[in-house]
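Q: For reference, this is start19.txt, and it has compact mmCIF, N, CA and C atoms.
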```txt
# COMPACT_ATOMS: atom_id res chain seq x y z
N TYR A 1 -135.19 66.88 -49.83
CA TYR A 1 -134.11 66.40 -50.65
C TYR A 1 -133.02 67.45 -50.69
N VAL A 2 -131.77 67.02 -50.81
CA VAL A 2 -130.66 67.95 -50.97
C VAL A 2 -130.60 68.32 -52.45
N ALA A 3 -130.62 69.60 -52.71
CA ALA A 3 -130.62 70.11 -54.09
C ALA A 3 -129.49 71.12 -54.24
N ARG A 4 -129.27 71.56 -55.45
CA ARG A 4 -128.37 72.69 -55.68
C ARG A 4 -128.90 73.49 -56.85
N VAL A 5 -128.67 74.81 -56.77
CA VAL A 5 -129.15 75.71 -57.81
C VAL A 5 -128.00 76.57 -58.30
N SER A 6 -128.10 76.99 -59.54
CA SER A 6 -127.11 77.88 -60.13
C SER A 6 -127.46 79.31 -59.76
N VAL A 7 -126.47 80.05 -59.29
CA VAL A 7 -126.70 81.45 -58.93
C VAL A 7 -125.75 82.38 -59.69
N GLY A 8 -125.48 82.02 -60.94
CA GLY A 8 -124.63 82.89 -61.76
C GLY A 8 -123.47 82.14 -62.36
N ASP A 9 -122.43 82.86 -62.67
CA ASP A 9 -121.25 82.34 -63.37
C ASP A 9 -120.63 81.14 -62.66
N ASN A 10 -121.04 79.94 -63.04
CA ASN A 10 -120.50 78.70 -62.49
C ASN A 10 -120.59 78.60 -60.97
N ASN A 11 -121.55 79.26 -60.37
CA ASN A 11 -121.76 79.18 -58.93
C ASN A 11 -122.94 78.27 -58.63
N MET A 12 -122.66 77.12 -58.04
CA MET A 12 -123.69 76.18 -57.65
C MET A 12 -123.78 76.20 -56.12
N VAL A 13 -124.97 76.43 -55.60
CA VAL A 13 -125.16 76.57 -54.16
C VAL A 13 -126.10 75.48 -53.66
N PRO A 14 -125.71 74.77 -52.58
CA PRO A 14 -126.59 73.73 -52.05
C PRO A 14 -127.83 74.32 -51.41
N GLY A 15 -128.89 73.53 -51.45
CA GLY A 15 -130.15 73.95 -50.87
C GLY A 15 -131.05 72.76 -50.65
N LYS A 16 -132.34 72.97 -50.74
CA LYS A 16 -133.29 71.89 -50.46
C LYS A 16 -134.45 71.93 -51.44
N LEU A 17 -135.07 70.79 -51.60
CA LEU A 17 -136.31 70.65 -52.35
C LEU A 17 -137.27 69.88 -51.46
N ILE A 18 -138.43 70.44 -51.23
CA ILE A 18 -139.44 69.77 -50.42
C ILE A 18 -140.30 68.93 -51.35
N GLU A 19 -140.55 67.68 -50.96
CA GLU A 19 -141.33 66.77 -51.79
C GLU A 19 -142.64 67.42 -52.21
N GLY A 20 -142.94 67.33 -53.50
CA GLY A 20 -144.17 67.90 -54.04
C GLY A 20 -143.99 69.31 -54.57
N SER A 21 -142.86 69.94 -54.22
CA SER A 21 -142.60 71.29 -54.69
C SER A 21 -141.90 71.24 -56.04
N GLN A 22 -142.06 72.27 -56.84
CA GLN A 22 -141.36 72.36 -58.12
C GLN A 22 -140.25 73.40 -58.07
N THR A 23 -140.00 73.94 -56.86
CA THR A 23 -139.01 74.99 -56.69
C THR A 23 -138.03 74.62 -55.60
N ALA A 24 -136.73 74.68 -55.91
CA ALA A 24 -135.69 74.44 -54.91
C ALA A 24 -135.31 75.76 -54.27
N GLU A 25 -134.88 75.70 -53.01
CA GLU A 25 -134.45 76.89 -52.28
C GLU A 25 -132.99 76.74 -51.87
N ALA A 26 -132.23 77.82 -51.99
CA ALA A 26 -130.85 77.87 -51.53
C ALA A 26 -130.63 79.24 -50.90
N VAL A 27 -129.63 79.34 -50.04
CA VAL A 27 -129.34 80.61 -49.38
C VAL A 27 -127.94 81.06 -49.75
N LEU A 28 -127.85 82.22 -50.33
CA LEU A 28 -126.58 82.89 -50.62
C LEU A 28 -126.89 84.37 -50.66
N PHE A 29 -126.55 85.08 -49.58
CA PHE A 29 -126.90 86.49 -49.45
C PHE A 29 -128.42 86.67 -49.60
N GLY A 30 -129.18 85.83 -48.92
CA GLY A 30 -130.63 85.83 -49.01
C GLY A 30 -131.12 84.54 -49.65
N VAL A 31 -132.40 84.29 -49.57
CA VAL A 31 -132.99 83.06 -50.12
C VAL A 31 -133.11 83.19 -51.63
N ARG A 32 -132.65 82.16 -52.33
CA ARG A 32 -132.78 82.07 -53.79
C ARG A 32 -133.68 80.90 -54.10
N THR A 33 -134.57 81.05 -55.05
CA THR A 33 -135.42 79.94 -55.48
C THR A 33 -135.23 79.73 -56.98
N SER A 34 -135.43 78.50 -57.40
CA SER A 34 -135.26 78.19 -58.82
C SER A 34 -136.08 76.96 -59.18
N THR A 35 -136.65 76.98 -60.38
CA THR A 35 -137.34 75.80 -60.90
C THR A 35 -136.38 74.93 -61.70
N ALA A 36 -135.15 75.41 -61.91
CA ALA A 36 -134.09 74.62 -62.56
C ALA A 36 -133.07 74.28 -61.48
N TYR A 37 -132.95 73.00 -61.15
CA TYR A 37 -132.09 72.57 -60.05
C TYR A 37 -131.61 71.16 -60.28
N GLU A 38 -130.67 70.73 -59.45
CA GLU A 38 -130.19 69.35 -59.45
C GLU A 38 -130.48 68.74 -58.09
N ILE A 39 -130.73 67.43 -58.05
CA ILE A 39 -130.99 66.70 -56.81
C ILE A 39 -129.82 65.77 -56.54
N LEU A 40 -129.38 65.71 -55.29
CA LEU A 40 -128.29 64.82 -54.90
C LEU A 40 -128.77 63.38 -54.90
N ALA A 41 -128.08 62.52 -55.62
CA ALA A 41 -128.39 61.10 -55.66
C ALA A 41 -127.08 60.33 -55.78
N HIS A 42 -127.03 59.15 -55.23
CA HIS A 42 -125.81 58.36 -55.40
C HIS A 42 -126.08 57.23 -56.38
N SER A 43 -125.03 56.91 -57.14
CA SER A 43 -125.19 55.91 -58.20
C SER A 43 -124.96 54.49 -57.69
N ASP A 44 -124.45 54.35 -56.47
CA ASP A 44 -124.19 53.03 -55.90
C ASP A 44 -125.05 52.85 -54.66
N PRO A 45 -126.17 52.11 -54.76
CA PRO A 45 -127.07 51.96 -53.62
C PRO A 45 -126.42 51.27 -52.42
N LYS A 46 -125.28 50.61 -52.61
CA LYS A 46 -124.59 49.95 -51.50
C LYS A 46 -123.75 50.94 -50.69
N ARG A 47 -123.48 52.10 -51.27
CA ARG A 47 -122.67 53.11 -50.58
C ARG A 47 -123.54 53.83 -49.54
N LYS A 48 -123.09 53.82 -48.32
CA LYS A 48 -123.83 54.46 -47.23
C LYS A 48 -123.43 55.93 -47.13
N ILE A 49 -124.41 56.78 -46.95
CA ILE A 49 -124.17 58.19 -46.68
C ILE A 49 -124.76 58.47 -45.31
N LYS A 50 -123.99 59.10 -44.43
CA LYS A 50 -124.48 59.38 -43.09
C LYS A 50 -124.12 60.80 -42.69
N TRP A 51 -124.85 61.34 -41.74
CA TRP A 51 -124.57 62.67 -41.21
C TRP A 51 -123.48 62.53 -40.15
N VAL A 52 -122.47 63.41 -40.21
CA VAL A 52 -121.35 63.41 -39.27
C VAL A 52 -121.31 64.77 -38.58
N LYS A 53 -121.27 64.78 -37.25
CA LYS A 53 -121.22 66.05 -36.51
C LYS A 53 -119.87 66.73 -36.73
N THR A 54 -119.91 68.04 -36.89
CA THR A 54 -118.70 68.84 -37.01
C THR A 54 -119.04 70.26 -36.60
N SER A 55 -118.06 71.13 -36.57
CA SER A 55 -118.31 72.52 -36.21
C SER A 55 -117.24 73.41 -36.83
N GLY A 56 -117.52 74.71 -36.83
CA GLY A 56 -116.57 75.65 -37.39
C GLY A 56 -116.30 75.39 -38.85
N SER A 57 -115.05 75.45 -39.25
CA SER A 57 -114.70 75.25 -40.65
C SER A 57 -114.15 73.84 -40.91
N LYS A 58 -114.36 72.93 -39.97
CA LYS A 58 -113.88 71.55 -40.13
C LYS A 58 -114.76 70.80 -41.12
N VAL A 59 -114.16 70.27 -42.17
CA VAL A 59 -114.89 69.48 -43.17
C VAL A 59 -114.50 68.02 -42.95
N PRO A 60 -115.44 67.17 -42.56
CA PRO A 60 -115.12 65.77 -42.30
C PRO A 60 -114.67 65.04 -43.57
N LYS A 61 -113.83 64.05 -43.39
CA LYS A 61 -113.41 63.21 -44.50
C LYS A 61 -114.64 62.56 -45.12
N GLY A 62 -114.72 62.57 -46.44
CA GLY A 62 -115.86 61.96 -47.13
C GLY A 62 -117.05 62.89 -47.29
N ALA A 63 -116.92 64.16 -46.88
CA ALA A 63 -118.02 65.11 -47.02
C ALA A 63 -118.43 65.21 -48.49
N VAL A 64 -119.71 65.42 -48.74
CA VAL A 64 -120.24 65.45 -50.11
C VAL A 64 -120.17 66.88 -50.65
N LEU A 65 -119.29 67.08 -51.62
CA LEU A 65 -119.14 68.37 -52.29
C LEU A 65 -120.32 68.55 -53.24
N VAL A 66 -121.08 69.63 -53.07
CA VAL A 66 -122.28 69.81 -53.88
C VAL A 66 -122.28 71.09 -54.70
N GLY A 67 -121.25 71.89 -54.58
CA GLY A 67 -121.24 73.12 -55.37
C GLY A 67 -120.04 73.98 -55.08
N GLN A 68 -120.02 75.10 -55.76
CA GLN A 68 -118.94 76.06 -55.58
C GLN A 68 -119.51 77.45 -55.78
N SER A 69 -119.03 78.40 -55.00
CA SER A 69 -119.43 79.79 -55.11
C SER A 69 -118.16 80.61 -55.05
N GLY A 70 -117.74 81.13 -56.19
CA GLY A 70 -116.47 81.84 -56.24
C GLY A 70 -115.35 80.87 -55.92
N LYS A 71 -114.51 81.22 -54.97
CA LYS A 71 -113.39 80.35 -54.59
C LYS A 71 -113.76 79.36 -53.48
N TYR A 72 -115.01 79.39 -53.01
CA TYR A 72 -115.43 78.55 -51.90
C TYR A 72 -116.15 77.29 -52.36
N GLN A 73 -115.73 76.15 -51.79
CA GLN A 73 -116.42 74.90 -52.06
C GLN A 73 -117.59 74.78 -51.10
N ARG A 74 -118.70 74.21 -51.57
CA ARG A 74 -119.92 74.06 -50.77
C ARG A 74 -120.21 72.58 -50.58
N TYR A 75 -120.48 72.20 -49.35
CA TYR A 75 -120.75 70.81 -49.00
C TYR A 75 -122.19 70.67 -48.52
N ALA A 76 -122.75 69.46 -48.69
CA ALA A 76 -124.08 69.19 -48.15
C ALA A 76 -123.98 69.20 -46.63
N GLY A 77 -124.94 69.82 -45.99
CA GLY A 77 -124.96 69.87 -44.54
C GLY A 77 -126.37 70.07 -44.03
N ARG A 78 -126.51 69.97 -42.73
CA ARG A 78 -127.80 70.25 -42.10
C ARG A 78 -127.54 70.89 -40.74
N LEU A 79 -128.51 71.63 -40.30
CA LEU A 79 -128.43 72.35 -39.04
C LEU A 79 -129.73 72.17 -38.28
N HIS A 80 -129.62 71.78 -37.03
CA HIS A 80 -130.80 71.68 -36.16
C HIS A 80 -131.03 73.06 -35.56
N HIS A 81 -132.06 73.74 -36.01
CA HIS A 81 -132.37 75.09 -35.55
C HIS A 81 -133.11 75.02 -34.22
N ARG A 82 -132.96 76.05 -33.39
CA ARG A 82 -133.62 76.07 -32.07
C ARG A 82 -135.14 76.01 -32.16
N SER A 83 -135.69 76.36 -33.34
CA SER A 83 -137.15 76.29 -33.53
C SER A 83 -137.63 74.85 -33.68
N GLY A 84 -136.69 73.93 -33.84
CA GLY A 84 -137.04 72.53 -34.06
C GLY A 84 -136.93 72.12 -35.52
N SER A 85 -136.73 73.09 -36.39
CA SER A 85 -136.59 72.82 -37.82
C SER A 85 -135.20 72.25 -38.11
N ILE A 86 -135.12 71.48 -39.16
CA ILE A 86 -133.83 71.02 -39.67
C ILE A 86 -133.62 71.72 -41.01
N LEU A 87 -132.55 72.48 -41.11
CA LEU A 87 -132.26 73.24 -42.31
C LEU A 87 -131.20 72.51 -43.12
N LEU A 88 -131.43 72.38 -44.42
CA LEU A 88 -130.47 71.74 -45.32
C LEU A 88 -129.78 72.78 -46.17
N GLY A 89 -128.57 72.46 -46.56
CA GLY A 89 -127.86 73.36 -47.47
C GLY A 89 -126.45 72.91 -47.64
```
In structure tokens, write the structure found in this file.
A:
Amino acid sequence: YVARVSVGDNNMVPGKLIEGSQTAEAVLFGVRTSTAYEILAHSDPKRKIKWVKTSGSKVPKGAVLVGQSGKYQRYAGRLHHRSGSILLG
């Protein structure tokens, strides 16, 4: 699941929650874990959410804003790692 955790003064950082776990993980200058987190959910089941390929600093139209860290906005994203893992954040 896409989650977000608080990492200080109004800083919300996107991360992940694995089903069955009680701890969400986010990365900001190292891995952060928290038992207090929020889960991304949409209130309109008819609204479709899909993954859109992008690169660099390009933010696609309709990207889901999930947090802020200082002056930087954080969006939900995923990365296909060479190990075969899919990383969320």
Q: Just how far from CA of Pro60 in chain A is CA of Glu25 in chain A, in Å to one decimal?
A: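 Going from CA of Glu25 in chain A over to CA of Pro60 in chain A covers 24.4 Å.
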Q: Need to verify the contact set: range 67-72 of chain A, 8 Å, all atoms listed in the file, exclusion of same-chain residues closer than 3 positions in sequence. Can you return it as a PyMOL selection string?
A: chain A and resi 4-5+9-14+64+75-76
Q: Give me the residues within 10 Å of range 29-36 of chain A as a PyMOL selection string, counting only C-alpha atoms and dropping any in the same chain fewer than 2 places off.
A: chain A and resi 4-7+13+15-17+21-27+38
Q: In Å, rounded to a single decimal, give me how far CA of Lys58 in chain A is from CA of Asp44 in chain A.
A: 26.4 Å
Q: Work out where the centre of an axis-aligned box around every listed atom of range 68-75 of chain A lies and how long its edges are once 5 Å is added on each side; give both in Å to one decimal as lines of an AutoDock Vina configuration file.
A:
```
center_x = -117.8
center_y = 76.3
center_z = -52.4
size_x = 18.8
size_y = 21.2
size_z = 17.7
```
Q: So what do you get for CA of Tyr1 in chain A versus CA of Leu65 in chain A, distance-wise?
A: 15.2 Å
Q: Which polymer residues, protein or nucleic acid, are no farther than 12 Å from (-117.1, 66.4, -44.0), counting only C-alpha atoms, as a count of residues only?
A: 24
Q: Could you pull out the strand (DSSP E) residues of chain A from DSSP and send them as a PDB file with N, CA and C atoms, keeping the file's coordinate frame?
A:
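Done, and the output landed in states.pdb:
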```pdb
ATOM      1  N   VAL A   2    -131.770  67.020 -50.810  1.00  0.00           N
ATOM      2  CA  VAL A   2    -130.660  67.950 -50.970  1.00  0.00           C
ATOM      3  C   VAL A   2    -130.600  68.320 -52.450  1.00  0.00           C
ATOM      4  N   ALA A   3    -130.620  69.600 -52.710  1.00  0.00           N
ATOM      5  CA  ALA A   3    -130.620  70.110 -54.090  1.00  0.00           C
ATOM      6  C   ALA A   3    -129.490  71.120 -54.240  1.00  0.00           C
ATOM      7  N   ARG A   4    -129.270  71.560 -55.450  1.00  0.00           N
ATOM      8  CA  ARG A   4    -128.370  72.690 -55.680  1.00  0.00           C
ATOM      9  C   ARG A   4    -128.900  73.490 -56.850  1.00  0.00           C
ATOM     10  N   VAL A   5    -128.670  74.810 -56.770  1.00  0.00           N
ATOM     11  CA  VAL A   5    -129.150  75.710 -57.810  1.00  0.00           C
ATOM     12  C   VAL A   5    -128.000  76.570 -58.300  1.00  0.00           C
ATOM     13  N   SER A   6    -128.100  76.990 -59.540  1.00  0.00           N
ATOM     14  CA  SER A   6    -127.110  77.880 -60.130  1.00  0.00           C
ATOM     15  C   SER A   6    -127.460  79.310 -59.760  1.00  0.00           C
ATOM     16  N   MET A  12    -122.660  77.120 -58.040  1.00  0.00           N
ATOM     17  CA  MET A  12    -123.690  76.180 -57.650  1.00  0.00           C
ATOM     18  C   MET A  12    -123.780  76.200 -56.120  1.00  0.00           C
ATOM     19  N   VAL A  13    -124.970  76.430 -55.600  1.00  0.00           N
ATOM     20  CA  VAL A  13    -125.160  76.570 -54.160  1.00  0.00           C
ATOM     21  C   VAL A  13    -126.100  75.480 -53.660  1.00  0.00           C
ATOM     22  N   PRO A  14    -125.710  74.770 -52.580  1.00  0.00           N
ATOM     23  CA  PRO A  14    -126.590  73.730 -52.050  1.00  0.00           C
ATOM     24  C   PRO A  14    -127.830  74.320 -51.410  1.00  0.00           C
ATOM     25  N   GLY A  15    -128.890  73.530 -51.450  1.00  0.00           N
ATOM     26  CA  GLY A  15    -130.150  73.950 -50.870  1.00  0.00           C
ATOM     27  C   GLY A  15    -131.050  72.760 -50.650  1.00  0.00           C
ATOM     28  N   LYS A  16    -132.340  72.970 -50.740  1.00  0.00           N
ATOM     29  CA  LYS A  16    -133.290  71.890 -50.460  1.00  0.00           C
ATOM     30  C   LYS A  16    -134.450  71.930 -51.440  1.00  0.00           C
ATOM     31  N   ALA A  24    -136.730  74.680 -55.910  1.00  0.00           N
ATOM     32  CA  ALA A  24    -135.690  74.440 -54.910  1.00  0.00           C
ATOM     33  C   ALA A  24    -135.310  75.760 -54.270  1.00  0.00           C
ATOM     34  N   GLU A  25    -134.880  75.700 -53.010  1.00  0.00           N
ATOM     35  CA  GLU A  25    -134.450  76.890 -52.280  1.00  0.00           C
ATOM     36  C   GLU A  25    -132.990  76.740 -51.870  1.00  0.00           C
ATOM     37  N   ALA A  26    -132.230  77.820 -51.990  1.00  0.00           N
ATOM     38  CA  ALA A  26    -130.850  77.870 -51.530  1.00  0.00           C
ATOM     39  C   ALA A  26    -130.630  79.240 -50.900  1.00  0.00           C
ATOM     40  N   VAL A  27    -129.630  79.340 -50.040  1.00  0.00           N
ATOM     41  CA  VAL A  27    -129.340  80.610 -49.380  1.00  0.00           C
ATOM     42  C   VAL A  27    -127.940  81.060 -49.750  1.00  0.00           C
ATOM     43  N   VAL A  31    -132.400  84.290 -49.570  1.00  0.00           N
ATOM     44  CA  VAL A  31    -132.990  83.060 -50.120  1.00  0.00           C
ATOM     45  C   VAL A  31    -133.110  83.190 -51.630  1.00  0.00           C
ATOM     46  N   ARG A  32    -132.650  82.160 -52.330  1.00  0.00           N
ATOM     47  CA  ARG A  32    -132.780  82.070 -53.790  1.00  0.00           C
ATOM     48  C   ARG A  32    -133.680  80.900 -54.100  1.00  0.00           C
ATOM     49  N   THR A  33    -134.570  81.050 -55.050  1.00  0.00           N
ATOM     50  CA  THR A  33    -135.420  79.940 -55.480  1.00  0.00           C
ATOM     51  C   THR A  33    -135.230  79.730 -56.980  1.00  0.00           C
ATOM     52  N   SER A  34    -135.430  78.500 -57.400  1.00  0.00           N
ATOM     53  CA  SER A  34    -135.260  78.190 -58.820  1.00  0.00           C
ATOM     54  C   SER A  34    -136.080  76.960 -59.180  1.00  0.00           C
ATOM     55  N   GLU A  38    -130.670  70.730 -59.450  1.00  0.00           N
ATOM     56  CA  GLU A  38    -130.190  69.350 -59.450  1.00  0.00           C
ATOM     57  C   GLU A  38    -130.480  68.740 -58.090  1.00  0.00           C
ATOM     58  N   ILE A  39    -130.730  67.430 -58.050  1.00  0.00           N
ATOM     59  CA  ILE A  39    -130.990  66.700 -56.810  1.00  0.00           C
ATOM     60  C   ILE A  39    -129.820  65.770 -56.540  1.00  0.00           C
ATOM     61  N   LEU A  65    -119.290  67.080 -51.620  1.00  0.00           N
ATOM     62  CA  LEU A  65    -119.140  68.370 -52.290  1.00  0.00           C
ATOM     63  C   LEU A  65    -120.320  68.550 -53.240  1.00  0.00           C
ATOM     64  N   VAL A  66    -121.080  69.630 -53.070  1.00  0.00           N
ATOM     65  CA  VAL A  66    -122.280  69.810 -53.880  1.00  0.00           C
ATOM     66  C   VAL A  66    -122.280  71.090 -54.700  1.00  0.00           C
ATOM     67  N   GLY A  67    -121.250  71.890 -54.580  1.00  0.00           N
ATOM     68  CA  GLY A  67    -121.240  73.120 -55.370  1.00  0.00           C
ATOM     69  C   GLY A  67    -120.040  73.980 -55.080  1.00  0.00           C
ATOM     70  N   GLN A  68    -120.020  75.100 -55.760  1.00  0.00           N
ATOM     71  CA  GLN A  68    -118.940  76.060 -55.580  1.00  0.00           C
ATOM     72  C   GLN A  68    -119.510  77.450 -55.780  1.00  0.00           C
ATOM     73  N   SER A  69    -119.030  78.400 -55.000  1.00  0.00           N
ATOM     74  CA  SER A  69    -119.430  79.790 -55.110  1.00  0.00           C
ATOM     75  C   SER A  69    -118.160  80.610 -55.050  1.00  0.00           C
ATOM     76  N   TYR A  72    -115.010  79.390 -53.010  1.00  0.00           N
ATOM     77  CA  TYR A  72    -115.430  78.550 -51.900  1.00  0.00           C
ATOM     78  C   TYR A  72    -116.150  77.290 -52.360  1.00  0.00           C
ATOM     79  N   GLN A  73    -115.730  76.150 -51.790  1.00  0.00           N
ATOM     80  CA  GLN A  73    -116.420  74.900 -52.060  1.00  0.00           C
ATOM     81  C   GLN A  73    -117.590  74.780 -51.100  1.00  0.00           C
ATOM     82  N   ARG A  74    -118.700  74.210 -51.570  1.00  0.00           N
ATOM     83  CA  ARG A  74    -119.920  74.060 -50.770  1.00  0.00           C
ATOM     84  C   ARG A  74    -120.210  72.580 -50.580  1.00  0.00           C
ATOM     85  N   TYR A  75    -120.480  72.200 -49.350  1.00  0.00           N
ATOM     86  CA  TYR A  75    -120.750  70.810 -49.000  1.00  0.00           C
ATOM     87  C   TYR A  75    -122.190  70.670 -48.520  1.00  0.00           C
ATOM     88  N   ARG A  78    -126.510  69.970 -42.730  1.00  0.00           N
ATOM     89  CA  ARG A  78    -127.800  70.250 -42.100  1.00  0.00           C
ATOM     90  C   ARG A  78    -127.540  70.890 -40.740  1.00  0.00           C
ATOM     91  N   LEU A  79    -128.510  71.630 -40.300  1.00  0.00           N
ATOM     92  CA  LEU A  79    -128.430  72.350 -39.040  1.00  0.00           C
ATOM     93  C   LEU A  79    -129.730  72.170 -38.280  1.00  0.00           C
ATOM     94  N   HIS A  80    -129.620  71.780 -37.030  1.00  0.00           N
ATOM     95  CA  HIS A  80    -130.800  71.680 -36.160  1.00  0.00           C
ATOM     96  C   HIS A  80    -131.030  73.060 -35.560  1.00  0.00           C
ATOM     97  N   ILE A  86    -135.120  71.480 -39.160  1.00  0.00           N
ATOM     98  CA  ILE A  86    -133.830  71.020 -39.670  1.00  0.00           C
ATOM     99  C   ILE A  86    -133.620  71.720 -41.010  1.00  0.00           C
ATOM    100  N   LEU A  87    -132.550  72.480 -41.110  1.00  0.00           N
ATOM    101  CA  LEU A  87    -132.260  73.240 -42.310  1.00  0.00           C
ATOM    102  C   LEU A  87    -131.200  72.510 -43.120  1.00  0.00           C
ATOM    103  N   LEU A  88    -131.430  72.380 -44.420  1.00  0.00           N
ATOM    104  CA  LEU A  88    -130.470  71.740 -45.320  1.00  0.00           C
ATOM    105  C   LEU A  88    -129.780  72.780 -46.170  1.00  0.00           C
TER     106      LEU A  88
END
```
Q: Would you mind completing range 2-9 of chain A so that it carries all heavy atoms, and writing it out as a PDB file, in the coordinates of the input?
A:
```
ATOM      1  N   VAL A   2    -131.770  67.020 -50.810  1.00  0.00           N
ATOM      2  CA  VAL A   2    -130.660  67.950 -50.970  1.00  0.00           C
ATOM      3  C   VAL A   2    -130.600  68.320 -52.450  1.00  0.00           C
ATOM      4  O   VAL A   2    -130.580  67.450 -53.322  1.00  0.00           O
ATOM      5  CB  VAL A   2    -129.326  67.334 -50.516  1.00  0.00           C
ATOM      6  CG1 VAL A   2    -128.172  68.294 -50.770  1.00  0.00           C
ATOM      7  CG2 VAL A   2    -129.384  66.965 -49.040  1.00  0.00           C
ATOM      8  N   ALA A   3    -130.620  69.600 -52.710  1.00  0.00           N
ATOM      9  CA  ALA A   3    -130.620  70.110 -54.090  1.00  0.00           C
ATOM     10  C   ALA A   3    -129.490  71.120 -54.240  1.00  0.00           C
ATOM     11  O   ALA A   3    -128.836  71.499 -53.257  1.00  0.00           O
ATOM     12  CB  ALA A   3    -131.959  70.779 -54.401  1.00  0.00           C
ATOM     13  N   ARG A   4    -129.270  71.560 -55.450  1.00  0.00           N
ATOM     14  CA  ARG A   4    -128.370  72.690 -55.680  1.00  0.00           C
ATOM     15  C   ARG A   4    -128.900  73.490 -56.850  1.00  0.00           C
ATOM     16  O   ARG A   4    -129.534  72.939 -57.760  1.00  0.00           O
ATOM     17  CB  ARG A   4    -126.923  72.270 -55.879  1.00  0.00           C
ATOM     18  CG  ARG A   4    -126.621  71.543 -57.157  1.00  0.00           C
ATOM     19  CD  ARG A   4    -125.150  71.197 -57.200  1.00  0.00           C
ATOM     20  NE  ARG A   4    -124.772  70.625 -58.486  1.00  0.00           N
ATOM     21  CZ  ARG A   4    -123.541  70.302 -58.824  1.00  0.00           C
ATOM     22  NH1 ARG A   4    -122.561  70.491 -57.961  1.00  0.00           N
ATOM     23  NH2 ARG A   4    -123.273  69.792 -59.992  1.00  0.00           N
ATOM     24  N   VAL A   5    -128.670  74.810 -56.770  1.00  0.00           N
ATOM     25  CA  VAL A   5    -129.150  75.710 -57.810  1.00  0.00           C
ATOM     26  C   VAL A   5    -128.000  76.570 -58.300  1.00  0.00           C
ATOM     27  O   VAL A   5    -127.055  76.835 -57.585  1.00  0.00           O
ATOM     28  CB  VAL A   5    -130.317  76.599 -57.306  1.00  0.00           C
ATOM     29  CG1 VAL A   5    -131.492  75.772 -56.869  1.00  0.00           C
ATOM     30  CG2 VAL A   5    -129.870  77.506 -56.192  1.00  0.00           C
ATOM     31  N   SER A   6    -128.100  76.990 -59.540  1.00  0.00           N
ATOM     32  CA  SER A   6    -127.110  77.880 -60.130  1.00  0.00           C
ATOM     33  C   SER A   6    -127.460  79.310 -59.760  1.00  0.00           C
ATOM     34  O   SER A   6    -128.610  79.731 -59.887  1.00  0.00           O
ATOM     35  CB  SER A   6    -127.094  77.712 -61.651  1.00  0.00           C
ATOM     36  OG  SER A   6    -126.199  78.639 -62.221  1.00  0.00           O
ATOM     37  N   VAL A   7    -126.470  80.050 -59.290  1.00  0.00           N
ATOM     38  CA  VAL A   7    -126.700  81.450 -58.930  1.00  0.00           C
ATOM     39  C   VAL A   7    -125.750  82.380 -59.690  1.00  0.00           C
ATOM     40  O   VAL A   7    -125.280  83.366 -59.174  1.00  0.00           O
ATOM     41  CB  VAL A   7    -126.575  81.687 -57.403  1.00  0.00           C
ATOM     42  CG1 VAL A   7    -127.693  81.000 -56.664  1.00  0.00           C
ATOM     43  CG2 VAL A   7    -125.230  81.237 -56.890  1.00  0.00           C
ATOM     44  N   GLY A   8    -125.480  82.020 -60.940  1.00  0.00           N
ATOM     45  CA  GLY A   8    -124.630  82.890 -61.760  1.00  0.00           C
ATOM     46  C   GLY A   8    -123.470  82.140 -62.360  1.00  0.00           C
ATOM     47  O   GLY A   8    -123.506  80.933 -62.504  1.00  0.00           O
ATOM     48  N   ASP A   9    -122.430  82.860 -62.670  1.00  0.00           N
ATOM     49  CA  ASP A   9    -121.250  82.340 -63.370  1.00  0.00           C
ATOM     50  C   ASP A   9    -120.630  81.140 -62.660  1.00  0.00           C
ATOM     51  O   ASP A   9    -119.773  81.305 -61.794  1.00  0.00           O
ATOM     52  CB  ASP A   9    -120.206  83.434 -63.535  1.00  0.00           C
ATOM     53  CG  ASP A   9    -120.720  84.611 -64.341  1.00  0.00           C
ATOM     54  OD1 ASP A   9    -121.575  84.388 -65.215  1.00  0.00           O
ATOM     55  OD2 ASP A   9    -120.267  85.742 -64.084  1.00  0.00           O
TER      56      ASP A   9
END
```
